Amino acid sequence: TEACDLSDCPEECHYDGDTNSDGITNVVDVVAIVAGILGGDAGDVCSSDVNGDGAVNVTDVVVIVGWILGSSRADVHDANQVDVILTDHSISIEANGHVGGVQMTLSHGSNFSIDLTDTYISEYRTVGNKTTLLMVSNEASIKDIASIKGSFEVDSMLFVNSGDEIENTSIVEIGGFEVKLAGPNPFNPSTALNVVVPDAGHVTVKIYNIVGQHVATLADGYMDRSAAGHTLHWNAGQMASGVYLVRAETATSVSTQKLMLLK
């Protein structure tokens with residue numbers, strides 16, 4: 001192969017993260033790359049695209065941060081599956097291992113606001129009705145992403161473990177705290193209830209008769225967050241036929257359900 005003339009030779013890519021070409025890859029380069037991603041212009045792809053996949057995103061930032069901090073650890077169990085948990089006021093994730101980076105773009109109205117959880121890097125930029133956020137952890141796996149106000153939709157999302165993109169992702173939407181029927185109603189003598197818990201915490205589930213007397217307690221303690229809900233069973237074999245009221249309660253929410261026992 002003939003050598004090219006120097007004026008025609010393509011620039012050699014170093015993929016070293018040194019975006020300002022000062023011979024050192026450090027936090028200054030990370031700041032520049034993050035600003036570029038959030039601003040829609042990642043700058044010098046030849047240096048910023050450290051994994052050489054043709055795109056500059058949070059994956060490259062996670063890798064560079066690992067280089068700078070020397071945080072590569074053999075004991076890290078990398079995630080390969082992530083569920084994004086959306087509630088009325090929060091964005092979080094549940095994963096089967098370590099998640100080191102998050103990049104998301106959200107569409108929303110003018111009444112939207114966001115407060116990112118503090119990590120090694122927690123930055124976002126809002127332009128019009130779109131917000132792009134980027135988070136990178138230097139040690140612990142990312143779990144809580146942000147508190148939010150206002151409605152929004154997820155336009156795009158990218159999750160990274162200790163250096164690779166996680167492809168198996170899904171979105172799980174959890175409504176407000178609620179107790180639902182999961183068994184027969186009317187019933188005899190047993191039925192089931194499902195308690196949807198958007199935020200982990202103390203939950204009580206009690207049953208009262210038609211005159212307001214407390215007749216049973218199905219739960220009184222800590223419950224994990226659950227979109228699918230926690231199933232509770234009530235055997236009313238010792239109760240008289242009639243209408244009963246289920247009252248489920250957290251520190252901030254109450255949900256009720258009416259049951260009818262027919263013997």
# chains A, B, ... in the order shown; residues from 1 in each chain; ligands from 1
>>> residues_around(residues="Met104 of chain A", least_positions_apart="2", cutoff="8 Å", atoms="only C-alpha atoms", output="PyMOL selection string")
chain A and resi 102+106+132-134+154-158
>>> write_last_selection(atoms="N, CA and C atoms", output="short mmCIF file (atom, residue, chain, number, x, y, z; two decimals), in the first residue's frame")
data_model
loop_
_atom_site.label_atom_id
_atom_site.label_comp_id
_atom_site.auth_asym_id
_atom_site.auth_seq_id
_atom_site.Cartn_x
_atom_site.Cartn_y
_atom_site.Cartn_z
N VAL A 102 -25.55 6.40 33.95
CA VAL A 102 -26.90 6.58 33.46
C VAL A 102 -26.94 7.81 32.55
N LEU A 106 -35.55 13.15 28.71
CA LEU A 106 -36.95 13.19 29.09
C LEU A 106 -37.66 14.31 28.35
N THR A 132 -31.89 16.39 29.42
CA THR A 132 -30.94 15.28 29.33
C THR A 132 -30.14 15.24 30.63
N LEU A 133 -30.05 14.06 31.24
CA LEU A 133 -29.32 13.90 32.48
C LEU A 133 -28.22 12.86 32.30
N LEU A 134 -27.16 13.03 33.07
CA LEU A 134 -26.04 12.10 33.03
C LEU A 134 -25.51 11.92 34.44
N VAL A 154 -40.08 9.22 28.89
CA VAL A 154 -38.69 8.87 28.64
C VAL A 154 -38.48 8.73 27.14
N ASP A 155 -37.67 9.61 26.56
CA ASP A 155 -37.36 9.55 25.13
C ASP A 155 -36.28 8.53 24.84
N SER A 156 -35.24 8.53 25.66
CA SER A 156 -34.14 7.59 25.46
C SER A 156 -33.44 7.34 26.79
N MET A 157 -32.77 6.21 26.89
CA MET A 157 -32.04 5.89 28.11
C MET A 157 -30.90 4.95 27.79
N LEU A 158 -29.81 5.13 28.52
CA LEU A 158 -28.61 4.32 28.35
C LEU A 158 -28.01 4.04 29.72
#
>>> select_by_dssp(residues="segment 22-247 of chain A", states="helix (DSSP H, G or I)", output="list of chain:residue names")
A:Val27, A:Val28, A:Asp29, A:Val30, A:Val31, A:Ala32, A:Ile33, A:Val34, A:Ala35, A:Gly36, A:Ile37, A:Leu38, A:Gly39, A:Val45, A:Cys46, A:Ser47, A:Ser48, A:Val58, A:Thr59, A:Asp60, A:Val61, A:Val62, A:Val63, A:Ile64, A:Val65, A:Gly66, A:Trp67, A:Ile68, A:Leu69
>>> residues_around(residues="Thr252 of chain A", least_positions_apart="3", cutoff="12 Å", atoms="only C-alpha atoms", output="list in words")
Gly176, Phe177, Val197, Pro198, Asp199, Ala200, Gly201, His202, Val203, Thr204, Ala248, Glu249 and Ser255 of chain A
>>> atom_distance(atom1="atom CA of Leu218 of chain A", atom2="atom CA of Tyr244 of chain A")
13.5 Å
>>> atom_distance(atom1="atom CA of Gly97 of chain A", atom2="atom CA of Asp78 of chain A")
4.9 Å
>>> residues_around(residues="Ala192 of chain A", least_positions_apart="6", cutoff="12 Å", atoms="only C-alpha atoms", output="list in words")
Val179, Lys180, Leu181, Ala182, Gly183, Pro184, Asn185, Pro186, Leu218, Gly229, His230, Thr231, Leu232, His233, Trp234, Asn235, Ala236, Val246, Gln257 and Leu259 of chain A
